[in-house]
>>> print(open('work.txt').read())   # compact mmCIF, C-alpha atoms (C1' of nucleotides)
# COMPACT_ATOMS: atom_id res chain seq x y z
CA MET L 1149 41.09 77.33 93.48
CA THR L 1150 41.65 75.46 90.25
CA SER L 1151 44.83 73.83 91.41
CA MET L 1152 47.12 73.89 94.37
CA THR L 1153 49.26 71.08 93.16
CA ALA L 1154 47.67 70.18 89.84
CA GLU L 1155 49.81 69.82 86.82
CA ILE L 1156 49.50 72.05 83.82
CA THR L 1157 47.69 70.59 80.88
CA PRO L 1158 49.19 70.90 77.42
CA GLN L 1159 46.29 73.14 76.45
CA GLN L 1160 47.07 75.52 79.25
CA LEU L 1161 50.67 75.66 78.22
CA ILE L 1162 49.66 76.39 74.67
CA VAL L 1163 47.62 79.33 75.85
CA TRP L 1164 50.60 80.64 77.72
CA ARG L 1165 52.88 80.26 74.75
CA MET L 1166 50.39 81.92 72.46
CA LEU L 1167 50.15 84.79 74.87
CA GLN L 1168 53.87 85.28 74.77
CA ARG L 1169 53.95 85.19 71.00
CA ALA L 1170 51.08 87.61 70.70
CA GLN L 1171 52.75 89.97 73.08
CA VAL L 1172 56.05 89.88 71.25
CA GLY L 1173 54.38 90.29 67.89
CA ILE L 1174 52.30 93.27 68.90
CA THR L 1175 55.16 94.91 70.73
CA ARG L 1176 57.55 94.53 67.84
CA SER L 1177 55.25 95.91 65.24
CA LEU L 1178 54.48 98.83 67.50
CA GLU L 1179 58.19 99.39 68.00
CA THR L 1180 58.92 99.21 64.30
CA GLU L 1181 56.21 101.71 63.49
CA LEU L 1182 57.18 104.20 66.15
CA LEU L 1183 60.87 103.97 65.34
CA SER L 1184 60.61 104.19 61.59
CA ARG L 1185 57.97 106.90 61.47
CA HIS L 1186 58.85 109.00 64.48
CA ASP L 1187 62.24 107.88 65.72
CA LEU L 1188 60.71 107.02 69.07
CA ALA L 1189 61.29 103.85 71.05
CA PRO L 1190 58.17 102.55 72.78
CA ALA L 1191 59.55 103.46 76.18
CA ALA L 1192 60.21 106.98 74.96
CA TYR L 1193 56.66 107.26 73.70
CA GLU L 1194 55.43 106.04 77.04
CA VAL L 1195 57.45 108.70 78.84
CA LEU L 1196 56.11 111.49 76.67
CA HIS L 1197 52.60 110.20 77.09
CA GLN L 1198 52.80 109.99 80.88
CA LEU L 1199 54.25 113.48 81.07
CA SER L 1200 51.56 114.89 78.82
CA GLU L 1201 48.88 113.60 81.15
CA ALA L 1202 50.53 114.76 84.33
CA PRO L 1203 49.66 118.09 85.95
CA GLY L 1204 52.13 120.71 84.82
CA ARG L 1205 53.35 118.24 82.20
CA ARG L 1206 55.94 117.10 84.68
CA LEU L 1207 56.68 114.15 86.90
CA ARG L 1208 59.31 113.26 89.41
CA MET L 1209 61.89 110.87 88.04
CA ASN L 1210 61.03 108.19 90.51
CA ASP L 1211 57.34 108.41 89.86
CA LEU L 1212 57.88 108.37 86.14
CA ALA L 1213 60.13 105.32 86.36
CA GLU L 1214 57.36 103.39 88.05
CA ARG L 1215 54.77 104.43 85.54
CA VAL L 1216 56.79 103.39 82.55
CA LEU L 1217 58.01 100.20 84.22
CA LEU L 1218 61.65 101.08 84.00
CA SER L 1219 64.40 100.87 86.58
CA ARG L 1220 65.50 104.21 87.93
CA SER L 1221 68.84 104.03 86.22
CA GLY L 1222 67.13 103.03 83.02
CA LEU L 1223 64.93 106.08 83.25
CA THR L 1224 67.92 108.32 83.95
CA ARG L 1225 69.45 107.26 80.65
CA LEU L 1226 66.21 107.46 78.75
CA ILE L 1227 65.62 111.00 79.99
CA ASP L 1228 69.20 111.81 79.06
CA ARG L 1229 68.43 110.82 75.49
CA LEU L 1230 65.11 112.62 75.37
CA GLN L 1231 66.72 115.72 76.80
CA ARG L 1232 69.48 115.58 74.23
CA ASP L 1233 66.78 115.48 71.57
CA GLY L 1234 64.97 118.38 73.17
CA LEU L 1235 61.79 116.51 73.97
CA VAL L 1236 62.09 116.73 77.72
CA GLU L 1237 63.85 118.89 80.25
CA ARG L 1238 64.97 118.37 83.80
CA GLU L 1239 63.87 120.88 86.35
CA ALA L 1240 64.77 121.10 90.03
CA CYS L 1241 62.09 120.42 92.59
CA THR L 1242 61.67 123.36 94.93
CA SER L 1243 60.16 121.40 97.77
CA ASP L 1244 62.79 118.68 97.79
CA ALA L 1245 66.34 119.47 96.75
CA ARG L 1246 67.00 115.83 95.95
CA GLY L 1247 64.21 115.71 93.49
CA LEU L 1248 64.04 116.41 89.81
CA TYR L 1249 61.13 116.85 87.51
CA ALA L 1250 61.12 115.58 83.99
CA VAL L 1251 59.19 118.21 82.07
CA LEU L 1252 57.66 117.84 78.63
CA THR L 1253 58.88 120.52 76.23
CA GLU L 1254 57.02 122.04 73.32
CA GLY L 1255 59.01 119.86 71.01
CA GLY L 1256 58.20 116.82 73.06
CA GLU L 1257 54.54 117.60 72.93
CA ARG L 1258 54.70 118.07 69.20
CA ARG L 1259 56.49 114.78 68.74
CA LEU L 1260 53.95 113.02 70.92
CA THR L 1261 51.11 114.50 68.95
CA GLU L 1262 52.66 113.34 65.73
CA ALA L 1263 53.31 109.85 67.02
CA THR L 1264 50.03 109.19 68.76
CA PRO L 1265 48.03 108.34 65.66
CA THR L 1266 50.69 105.82 64.71
CA TYR L 1267 50.60 104.36 68.18
CA LEU L 1268 46.84 104.11 68.32
CA ARG L 1269 46.59 102.70 64.86
CA ALA L 1270 49.05 99.95 65.67
CA VAL L 1271 47.22 99.09 68.87
CA ARG L 1272 43.95 98.96 67.00
CA GLU L 1273 45.18 96.95 64.06
CA ARG L 1274 47.06 94.39 66.04
CA PHE L 1275 44.81 94.16 69.06
CA LEU L 1276 41.62 96.09 69.58
CA ASP L 1277 40.09 95.73 66.13
CA LEU L 1278 40.65 91.99 66.18
CA LEU L 1279 38.41 91.45 69.18
CA SER L 1280 34.70 92.01 69.68
CA GLU L 1281 33.40 94.28 72.37
CA GLU L 1282 32.36 91.27 74.36
CA GLU L 1283 35.82 89.81 74.11
CA LEU L 1284 37.36 93.05 75.18
CA ARG L 1285 35.17 93.02 78.27
CA GLN L 1286 36.26 89.49 79.01
CA CYS L 1287 39.83 90.52 78.50
CA ALA L 1288 39.49 93.40 80.93
CA ALA L 1289 37.97 91.09 83.52
CA MET L 1290 40.82 88.63 83.20
CA LEU L 1291 43.46 91.29 83.42
CA THR L 1292 41.87 92.64 86.55
CA LYS L 1293 42.06 89.20 88.11
CA LEU L 1294 45.68 88.88 87.11
CA PHE L 1295 46.50 92.08 88.94
CA THR L 1296 44.60 91.37 92.10
CA GLY L 1297 46.28 87.98 92.19
CA ALA L 1298 49.74 89.42 91.82
CA MET C 1123 34.16 95.39 61.92
CA THR C 1124 34.18 97.37 65.11
CA SER C 1125 35.98 100.32 63.61
CA MET C 1126 37.66 101.28 60.42
CA THR C 1127 38.24 104.83 61.40
CA ALA C 1128 36.72 104.94 64.85
CA GLU C 1129 38.68 106.39 67.68
CA ILE C 1130 39.83 104.35 70.59
CA THR C 1131 37.80 104.74 73.73
CA PRO C 1132 39.54 105.35 77.03
CA GLN C 1133 38.32 101.96 78.21
CA GLN C 1134 39.95 100.25 75.29
CA LEU C 1135 43.18 102.02 75.96
CA ILE C 1136 43.03 100.96 79.57
CA VAL C 1137 42.70 97.34 78.52
CA TRP C 1138 45.74 97.72 76.33
CA ARG C 1139 47.77 99.30 79.07
CA MET C 1140 46.70 96.65 81.56
CA LEU C 1141 47.76 94.01 79.11
CA GLN C 1142 51.19 95.53 78.84
CA ARG C 1143 51.58 95.72 82.58
CA ALA C 1144 50.41 92.19 83.09
CA GLN C 1145 52.83 90.95 80.50
CA VAL C 1146 55.75 92.80 82.02
CA GLY C 1147 54.87 91.67 85.52
CA ILE C 1148 54.55 88.01 84.64
CA THR C 1149 57.65 88.04 82.49
CA ARG C 1150 59.75 89.69 85.16
CA SER C 1151 58.75 87.36 87.91
CA LEU C 1152 59.40 84.42 85.67
CA GLU C 1153 62.79 85.85 84.81
CA THR C 1154 63.67 86.47 88.43
CA GLU C 1155 62.74 82.94 89.43
CA LEU C 1156 64.61 81.25 86.62
CA LEU C 1157 67.69 83.37 87.09
CA SER C 1158 67.93 83.14 90.84
CA ARG C 1159 67.11 79.45 91.13
CA HIS C 1160 68.66 78.05 88.00
CA ASP C 1161 70.85 80.73 86.48
CA LEU C 1162 68.80 80.60 83.30
CA ALA C 1163 67.46 83.56 81.37
CA PRO C 1164 63.97 83.02 79.96
CA ALA C 1165 65.32 82.87 76.42
CA ALA C 1166 67.82 80.23 77.48
CA TYR C 1167 65.05 78.20 79.06
CA GLU C 1168 63.09 78.51 75.87
CA VAL C 1169 66.01 77.24 73.81
CA LEU C 1170 66.52 74.23 76.02
CA HIS C 1171 62.82 73.50 75.94
CA GLN C 1172 62.56 73.69 72.17
CA LEU C 1173 65.57 71.46 71.75
CA SER C 1174 64.21 68.93 74.20
CA GLU C 1175 61.05 68.60 72.15
CA ALA C 1176 62.77 68.38 68.80
CA PRO C 1177 63.62 65.06 67.16
CA GLY C 1178 67.18 64.13 67.98
CA ARG C 1179 67.17 66.94 70.55
CA ARG C 1180 68.58 69.18 67.89
CA LEU C 1181 67.45 72.04 65.69
CA ARG C 1182 68.99 74.11 62.98
CA MET C 1183 70.07 77.52 64.19
CA ASN C 1184 67.73 79.32 61.88
CA ASP C 1185 64.76 77.22 62.84
CA LEU C 1186 65.54 77.61 66.51
CA ALA C 1187 65.86 81.36 66.18
CA GLU C 1188 62.36 81.56 64.81
CA ARG C 1189 60.92 79.36 67.50
CA VAL C 1190 62.36 81.36 70.33
CA LEU C 1191 61.60 84.68 68.65
CA LEU C 1192 65.17 85.83 68.49
CA SER C 1193 67.17 87.33 65.65
CA ARG C 1194 69.75 85.03 64.15
CA SER C 1195 72.62 86.99 65.60
CA GLY C 1196 70.91 87.01 68.96
CA LEU C 1197 70.60 83.27 68.83
CA THR C 1198 74.25 82.87 67.81
CA ARG C 1199 75.29 84.65 70.98
CA LEU C 1200 72.82 82.83 73.16
CA ILE C 1201 74.04 79.50 71.86
CA ASP C 1202 77.61 80.68 72.48
CA ARG C 1203 76.74 81.18 76.12
CA LEU C 1204 74.87 77.92 76.46
CA GLN C 1205 77.72 76.10 74.81
CA ARG C 1206 80.22 77.71 77.13
CA ASP C 1207 78.12 76.44 80.03
CA GLY C 1208 77.95 72.99 78.52
CA LEU C 1209 74.19 72.92 78.06
CA VAL C 1210 74.23 72.82 74.29
CA GLU C 1211 76.62 71.85 71.55
CA ARG C 1212 76.99 72.79 67.92
CA GLU C 1213 77.10 70.04 65.36
CA ALA C 1214 77.61 70.23 61.63
CA CYS C 1215 74.75 69.39 59.32
CA THR C 1216 75.67 66.62 56.92
CA SER C 1217 73.09 67.47 54.28
CA ASP C 1218 73.93 71.15 54.10
CA ALA C 1219 77.44 72.33 54.75
CA ARG C 1220 76.21 75.79 55.63
CA GLY C 1221 74.03 74.50 58.39
CA LEU C 1222 74.61 73.89 62.05
CA TYR C 1223 72.59 72.04 64.58
CA ALA C 1224 72.26 73.17 68.14
CA VAL C 1225 72.12 69.97 70.15
CA LEU C 1226 70.97 69.57 73.73
CA THR C 1227 73.60 67.96 75.94
CA GLU C 1228 73.06 65.75 78.95
CA GLY C 1229 73.83 68.70 81.15
CA GLY C 1230 71.38 70.84 79.27
CA GLU C 1231 68.69 68.28 79.71
CA ARG C 1232 69.41 68.03 83.40
CA ARG C 1233 69.27 71.79 83.79
CA LEU C 1234 66.01 71.94 81.90
CA THR C 1235 64.52 69.23 84.08
CA GLU C 1236 65.54 71.11 87.19
CA ALA C 1237 64.17 74.38 85.95
CA THR C 1238 60.88 73.23 84.52
CA PRO C 1239 59.01 72.98 87.84
CA THR C 1240 60.06 76.54 88.60
CA TYR C 1241 58.92 77.67 85.19
CA LEU C 1242 55.57 75.93 85.42
CA ARG C 1243 54.94 77.10 88.95
CA ALA C 1244 55.55 80.71 87.96
CA VAL C 1245 53.24 80.42 84.98
CA ARG C 1246 50.56 78.89 87.16
CA GLU C 1247 50.86 81.31 90.03
CA ARG C 1248 50.95 84.42 87.95
CA PHE C 1249 48.64 83.40 85.15
CA LEU C 1250 46.87 80.07 84.89
CA ASP C 1251 45.70 79.70 88.47
CA LEU C 1252 44.24 83.18 88.47
CA LEU C 1253 41.77 82.42 85.72
CA SER C 1254 38.85 80.01 85.55
CA GLU C 1255 38.66 77.31 82.93
CA GLU C 1256 36.03 79.30 81.12
CA GLU C 1257 38.25 82.34 81.09
CA LEU C 1258 41.13 80.33 79.78
CA ARG C 1259 38.97 79.16 76.93
CA GLN C 1260 38.00 82.73 76.18
CA CYS C 1261 41.63 83.71 76.30
CA ALA C 1262 42.61 81.00 73.86
CA ALA C 1263 39.87 82.11 71.49
CA MET C 1264 41.05 85.71 71.61
CA LEU C 1265 44.66 84.79 71.06
CA THR C 1266 43.70 82.73 68.06
CA LYS C 1267 41.96 85.72 66.60
CA LEU C 1268 44.95 87.90 67.25
CA PHE C 1269 47.13 85.54 65.27
CA THR C 1270 44.86 85.07 62.34
CA GLY C 1271 44.51 88.84 62.17
CA ALA C 1272 48.25 89.40 62.18
C1' DA S 968 71.31 120.93 117.01
C1' DG S 969 73.28 116.11 115.58
C1' DG S 970 73.36 111.70 113.93
C1' DG S 971 71.40 107.76 111.88
C1' DT S 972 68.32 106.03 108.62
C1' DG S 973 65.90 106.21 104.46
C1' DT S 974 64.96 108.37 99.83
C1' DA S 975 66.05 110.55 95.09
C1' DT S 976 69.02 110.40 91.56
C1' DG S 977 73.09 109.49 88.87
C1' DT S 978 77.33 106.50 87.38
C1' DG S 979 80.31 102.33 86.26
C1' DC S 980 80.02 98.12 84.61
C1' DT S 981 77.99 94.04 82.56
C1' DT S 982 74.78 91.74 79.70
C1' DA S 983 71.49 91.09 76.00
C1' DT S 984 69.94 92.19 71.60
C1' DG S 985 69.29 93.95 66.85
C1' DC S 986 71.03 95.58 62.23
C1' DA S 987 74.20 95.65 58.62
C1' DA S 988 78.06 93.70 56.59
C1' DC S 989 80.53 89.48 55.64
C1' DC S 990 81.86 84.65 54.29
C1' DT S 991 80.46 80.27 52.81
C1' DT S 992 77.57 77.20 50.54
C1' DC S 993 73.50 76.06 47.95
C1' DT S 994 70.43 76.43 43.82
C1' DA S 995 68.38 77.82 39.57
C1' DG S 996 68.86 79.46 34.80
C1' DG S 997 71.44 79.93 30.92
C1' DC T 472 79.14 73.63 33.84
C1' DC T 473 79.21 78.46 35.60
C1' DT T 474 77.50 82.32 37.20
C1' DA T 475 74.01 85.23 39.84
C1' DG T 476 71.62 85.40 43.55
C1' DA T 477 69.62 83.53 47.81
C1' DA T 478 70.17 81.34 52.35
C1' DG T 479 72.65 79.88 56.82
C1' DG T 480 75.54 81.52 60.11
C1' DT T 481 78.81 84.70 62.53
C1' DT T 482 80.92 89.10 63.64
C1' DG T 483 81.37 94.35 64.31
C1' DC T 484 79.09 97.87 66.11
C1' DA T 485 75.66 100.44 68.51
C1' DT T 486 71.97 100.66 71.85
C1' DA T 487 69.17 99.66 75.86
C1' DA T 488 68.53 98.07 80.30
C1' DG T 489 69.66 96.38 85.03
C1' DC T 490 72.42 95.91 89.39
C1' DA T 491 75.47 97.60 92.67
C1' DC T 492 77.43 101.47 94.34
C1' DA T 493 78.03 106.48 95.24
C1' DT T 494 76.23 111.03 96.47
C1' DA T 495 73.26 114.41 98.09
C1' DC T 496 69.51 115.53 100.71
C1' DA T 497 65.47 114.82 104.08
C1' DC T 498 63.43 113.61 108.19
C1' DC T 499 62.97 111.79 112.72
C1' DC T 500 64.38 111.04 117.42
C1' DT T 501 66.79 112.26 121.24
>>> encode(input="work.txt", output="structure tokens")
Amino acid sequence: MTSMTAEITPQQLIVWRMLQRAQVGITRSLETELLSRHDLAPAAYEVLHQLSEAPGRRLRMNDLAERVLLSRSGLTRLIDRLQRDGLVEREACTSDARGLYAVLTEGGERRLTEATPTYLRAVRERFLDLLSEEELRQCAAMLTKLFTGA
Amino acid sequence: MTSMTAEITPQQLIVWRMLQRAQVGITRSLETELLSRHDLAPAAYEVLHQLSEAPGRRLRMNDLAERVLLSRSGLTRLIDRLQRDGLVEREACTSDARGLYAVLTEGGERRLTEATPTYLRAVRERFLDLLSEEELRQCAAMLTKLFTGA
DNA sequence: AGGGTGTATGTGCTTATGCAACCTTCTAGG
DNA sequence: CCTAGAAGGTTGCATAAGCACATACACCCT
């Protein structure tokens, strides 16, 4: 345990502030790219991506909300928008009349396919390509610790 | 150069997704703590903090907006709220009649002082304490590379 | 069955934020 | 000087997201 009561050193705080700035910077450039090129907000991309990986290209609303880190009401509205744009549909769940599936449409799949290169390129340019393989391993190890700690 | 045209490996993508989740998790718990204990949004904390470190406890709006990573209009509204709550004041700039200073008030300083332990504790618990000193050094090195690359 | 408790989803309202348009003031070039 | 354009700041508008509440259904226990 590095510190139960120890103070934070200025260096530590700098790391934290850098992390925040890096995060904001990467996120914003990703957002700008996705919006300008494909008219997709990052959360919308995330939804399409999760659906495309799910069996039957569908997920329950609740499940999907957790995966994209959105509140349930937030997801309701986001799916509303995606449905309006024809990228997703809602479908009743036969086994549970309360439940709804969000289902990826053909159009949604197409849009995802178009947007994915943009997404990956941004992630590479702003993150992955800037680090060595060794650093990426270190990064993964740290992130794992952050999760098990939280 | 790891890759000019290379594809992203699944492992790399996992690191990226973990990073996003870590960021969201830390940010949200910080937000919850600051809001519930001190009625301060993270951005508001950031403003108070920047002002407290600035000479004369004041910064030009534009300058402040950049430091807290907010658009100018976003900062205008945030300062409106902080002013309404008596934590900050606006003051004219003598050398440039266009300019305004945001100035930290006594009350703002008090609020910042109250909130800082909460802020630091959250950052420690969710981030700093979970990593070794060596890891923190690695992290700093990576972040530096991310900035120079961007 | 029948009722109480918990779960899945949607809605009303509030808040935060960005972009584009707008005034005011500054500054540089003629 | 005076004008054109840039810069600082605010405002109008639109969007996104969350919380609290409402509704419909499910499931368990007696």
>>> closest_atom_pairs(input="work.txt", of="chain T", to="range 981-996 of chain S", cutoff="10 Å", atoms="only C-alpha atoms (C1' of nucleotides)", output="Markdown table")
| residue | atom | partner | partner_atom | distance |
| --- | --- | --- | --- | --- |
| T:DT474 | C1' | S:DG996 | C1' | 9.4 |
| T:DA475 | C1' | S:DG996 | C1' | 9.2 |
| T:DG476 | C1' | S:DT994 | C1' | 9.1 |
| T:DA477 | C1' | S:DT994 | C1' | 8.2 |
| T:DA478 | C1' | S:DC993 | C1' | 7.6 |
| T:DG479 | C1' | S:DT992 | C1' | 8.4 |
| T:DG480 | C1' | S:DT991 | C1' | 8.9 |
| T:DT481 | C1' | S:DC989 | C1' | 8.6 |
| T:DT482 | C1' | S:DC989 | C1' | 8.0 |
| T:DG483 | C1' | S:DA988 | C1' | 8.4 |
| T:DC484 | C1' | S:DA987 | C1' | 9.2 |
| T:DA485 | C1' | S:DC986 | C1' | 9.2 |
| T:DT486 | C1' | S:DT984 | C1' | 8.7 |
| T:DA487 | C1' | S:DT984 | C1' | 8.6 |
| T:DA488 | C1' | S:DA983 | C1' | 8.7 |
| T:DG489 | C1' | S:DT982 | C1' | 8.7 |
| T:DC490 | C1' | S:DT981 | C1' | 9.0 |
>>> residues_around(input="work.txt", residues="Asp1244 in chain L", least_positions_apart="5", cutoff="12 Å", atoms="all atoms listed in the file", output="JSON, numbers by chain")
{"L": [1208, 1239, 1249], "S": [974, 975], "T": [495, 496, 497, 498]}
>>> calpha_fit_and_write(input="work.txt", fixed="chain L", moving="chain C", output="short mmCIF file (atom, residue, chain, number, x, y, z; two decimals) with C-alpha atoms, in the frame of the given file")
data_model
loop_
_atom_site.label_atom_id
_atom_site.label_comp_id
_atom_site.auth_asym_id
_atom_site.auth_seq_id
_atom_site.Cartn_x
_atom_site.Cartn_y
_atom_site.Cartn_z
CA MET C 1123 40.86 77.07 93.26
CA THR C 1124 41.61 75.29 90.04
CA SER C 1125 44.81 73.75 91.29
CA MET C 1126 47.02 73.89 94.29
CA THR C 1127 49.27 71.13 93.18
CA ALA C 1128 47.72 70.14 89.89
CA GLU C 1129 49.87 69.84 86.85
CA ILE C 1130 49.53 72.09 83.90
CA THR C 1131 47.72 70.61 80.95
CA PRO C 1132 49.21 70.89 77.49
CA GLN C 1133 46.31 73.13 76.51
CA GLN C 1134 47.08 75.52 79.30
CA LEU C 1135 50.68 75.66 78.29
CA ILE C 1136 49.67 76.38 74.73
CA VAL C 1137 47.61 79.34 75.89
CA TRP C 1138 50.59 80.65 77.78
CA ARG C 1139 52.89 80.27 74.83
CA MET C 1140 50.37 81.91 72.51
CA LEU C 1141 50.13 84.79 74.91
CA GLN C 1142 53.86 85.27 74.82
CA ARG C 1143 53.95 85.20 71.06
CA ALA C 1144 51.08 87.60 70.74
CA GLN C 1145 52.73 89.99 73.12
CA VAL C 1146 56.03 89.87 71.29
CA GLY C 1147 54.38 90.28 67.91
CA ILE C 1148 52.29 93.27 68.90
CA THR C 1149 55.14 94.91 70.75
CA ARG C 1150 57.53 94.51 67.86
CA SER C 1151 55.22 95.90 65.27
CA LEU C 1152 54.46 98.82 67.50
CA GLU C 1153 58.16 99.38 68.01
CA THR C 1154 58.90 99.20 64.31
CA GLU C 1155 56.19 101.70 63.48
CA LEU C 1156 57.16 104.20 66.14
CA LEU C 1157 60.83 103.97 65.33
CA SER C 1158 60.57 104.18 61.58
CA ARG C 1159 57.94 106.90 61.46
CA HIS C 1160 58.82 108.99 64.46
CA ASP C 1161 62.21 107.88 65.71
CA LEU C 1162 60.69 107.02 69.07
CA ALA C 1163 61.26 103.86 71.05
CA PRO C 1164 58.14 102.55 72.79
CA ALA C 1165 59.54 103.48 76.19
CA ALA C 1166 60.20 107.00 74.96
CA TYR C 1167 56.64 107.26 73.69
CA GLU C 1168 55.43 106.07 77.04
CA VAL C 1169 57.44 108.73 78.85
CA LEU C 1170 56.11 111.50 76.67
CA HIS C 1171 52.60 110.21 77.11
CA GLN C 1172 52.82 110.03 80.88
CA LEU C 1173 54.26 113.51 81.07
CA SER C 1174 51.57 114.89 78.81
CA GLU C 1175 48.90 113.60 81.16
CA ALA C 1176 50.56 114.78 84.34
CA PRO C 1177 49.71 118.10 85.96
CA GLY C 1178 52.18 120.72 84.83
CA ARG C 1179 53.39 118.23 82.21
CA ARG C 1180 55.99 117.13 84.68
CA LEU C 1181 56.72 114.16 86.91
CA ARG C 1182 59.35 113.27 89.42
CA MET C 1183 61.92 110.88 88.04
CA ASN C 1184 61.08 108.20 90.51
CA ASP C 1185 57.38 108.42 89.88
CA LEU C 1186 57.90 108.39 86.15
CA ALA C 1187 60.15 105.36 86.36
CA GLU C 1188 57.40 103.41 88.05
CA ARG C 1189 54.79 104.47 85.56
CA VAL C 1190 56.79 103.42 82.56
CA LEU C 1191 58.02 100.24 84.23
CA LEU C 1192 61.67 101.11 84.03
CA SER C 1193 64.41 100.95 86.64
CA ARG C 1194 65.55 104.29 87.94
CA SER C 1195 68.87 104.06 86.18
CA GLY C 1196 67.12 103.06 83.00
CA LEU C 1197 64.93 106.10 83.24
CA THR C 1198 67.92 108.36 83.92
CA ARG C 1199 69.43 107.29 80.63
CA LEU C 1200 66.19 107.50 78.73
CA ILE C 1201 65.62 111.02 79.99
CA ASP C 1202 69.21 111.84 79.01
CA ARG C 1203 68.40 110.85 75.46
CA LEU C 1204 65.09 112.66 75.37
CA GLN C 1205 66.72 115.74 76.78
CA ARG C 1206 69.47 115.59 74.20
CA ASP C 1207 66.76 115.50 71.54
CA GLY C 1208 64.96 118.41 73.14
CA LEU C 1209 61.77 116.54 73.95
CA VAL C 1210 62.10 116.75 77.70
CA GLU C 1211 63.88 118.90 80.22
CA ARG C 1212 65.01 118.40 83.78
CA GLU C 1213 63.92 120.88 86.38
CA ALA C 1214 64.79 121.09 90.04
CA CYS C 1215 62.13 120.40 92.63
CA THR C 1216 61.70 123.31 94.99
CA SER C 1217 60.19 121.33 97.84
CA ASP C 1218 62.83 118.62 97.86
CA ALA C 1219 66.36 119.41 96.86
CA ARG C 1220 67.03 115.79 96.02
CA GLY C 1221 64.26 115.68 93.51
CA LEU C 1222 64.10 116.40 89.82
CA TYR C 1223 61.19 116.86 87.54
CA ALA C 1224 61.17 115.61 84.00
CA VAL C 1225 59.21 118.22 82.08
CA LEU C 1226 57.69 117.86 78.63
CA THR C 1227 58.89 120.53 76.22
CA GLU C 1228 57.01 122.05 73.33
CA GLY C 1229 58.99 119.87 71.00
CA GLY C 1230 58.19 116.82 73.05
CA GLU C 1231 54.54 117.60 72.92
CA ARG C 1232 54.68 118.08 69.19
CA ARG C 1233 56.48 114.78 68.73
CA LEU C 1234 53.96 113.02 70.91
CA THR C 1235 51.08 114.50 68.94
CA GLU C 1236 52.64 113.33 65.71
CA ALA C 1237 53.29 109.86 67.00
CA THR C 1238 50.02 109.19 68.76
CA PRO C 1239 48.00 108.33 65.63
CA THR C 1240 50.67 105.81 64.70
CA TYR C 1241 50.60 104.36 68.17
CA LEU C 1242 46.82 104.10 68.30
CA ARG C 1243 46.57 102.67 64.82
CA ALA C 1244 49.05 99.93 65.66
CA VAL C 1245 47.21 99.07 68.85
CA ARG C 1246 43.94 98.92 66.97
CA GLU C 1247 45.19 96.93 64.03
CA ARG C 1248 47.06 94.38 66.02
CA PHE C 1249 44.83 94.13 69.05
CA LEU C 1250 41.62 96.07 69.55
CA ASP C 1251 40.11 95.68 66.10
CA LEU C 1252 40.67 91.95 66.16
CA LEU C 1253 38.43 91.40 69.15
CA SER C 1254 34.71 91.95 69.64
CA GLU C 1255 33.39 94.24 72.33
CA GLU C 1256 32.35 91.23 74.33
CA GLU C 1257 35.82 89.78 74.09
CA LEU C 1258 37.34 93.03 75.16
CA ARG C 1259 35.16 92.99 78.23
CA GLN C 1260 36.26 89.46 78.99
CA CYS C 1261 39.84 90.50 78.51
CA ALA C 1262 39.49 93.40 80.90
CA ALA C 1263 37.95 91.10 83.49
CA MET C 1264 40.81 88.63 83.18
CA LEU C 1265 43.45 91.30 83.41
CA THR C 1266 41.85 92.65 86.54
CA LYS C 1267 42.05 89.24 88.09
CA LEU C 1268 45.66 88.90 87.11
CA PHE C 1269 46.47 92.11 88.93
CA THR C 1270 44.57 91.42 92.07
CA GLY C 1271 46.24 88.02 92.19
CA ALA C 1272 49.71 89.48 91.81
#
>>> residues_around(input="work.txt", residues="Ser1177 in chain L", least_positions_apart="3", cutoff="12 Å", atoms="only C-alpha atoms (C1' of nucleotides)", output="number ranges by chain")
L: 1170-1174, 1180-1185, 1189-1190, 1266-1267, 1269-1275; C: 1272
>>> interface_residues(input="work.txt", of="chain L", to="chain S", cutoff="9 Å", atoms="all atoms listed in the file", output="list in words")
Met1209, Asn1210, Arg1220, Ser1221, Thr1224, Arg1246, Gly1247 and Leu1248 of chain L
>>> write_last_selection(input="work.txt", atoms="C-alpha atoms", output="compact mmCIF listing (two decimals), in the frame of the given file")
# COMPACT_ATOMS: atom_id res chain seq x y z
CA MET L 1209 61.89 110.87 88.04
CA ASN L 1210 61.03 108.19 90.51
CA ARG L 1220 65.50 104.21 87.93
CA SER L 1221 68.84 104.03 86.22
CA THR L 1224 67.92 108.32 83.95
CA ARG L 1246 67.00 115.83 95.95
CA GLY L 1247 64.21 115.71 93.49
CA LEU L 1248 64.04 116.41 89.81
>>> atom_distance(input="work.txt", atom1="CA of Leu1268 in chain L", atom2="CA of Gly1256 in chain L")
17.7 Å
>>> atom_distance(input="work.txt", atom1="CA of Ala1262 in chain C", atom2="CA of Val1163 in chain L")
5.6 Å
>>> atom_distance(input="work.txt", atom1="CA of Met1140 in chain C", atom2="CA of Ser1280 in chain L")
17.5 Å
>>> interface_residues(input="work.txt", of="chain C", to="chain L", cutoff="10 Å", atoms="all atoms listed in the file", output="ChimeraX atom specification")
/C:1123-1130,1133-1138,1140-1149,1189-1191,1239,1242-1243,1245-1255,1257-1272
>>> closest_residue(input="work.txt", among="L:Leu1223, L:Pro1158, L:Gly1204, L:Ala1213", to="chain T", atoms="only C-alpha atoms (C1' of nucleotides)")
L:Leu1223
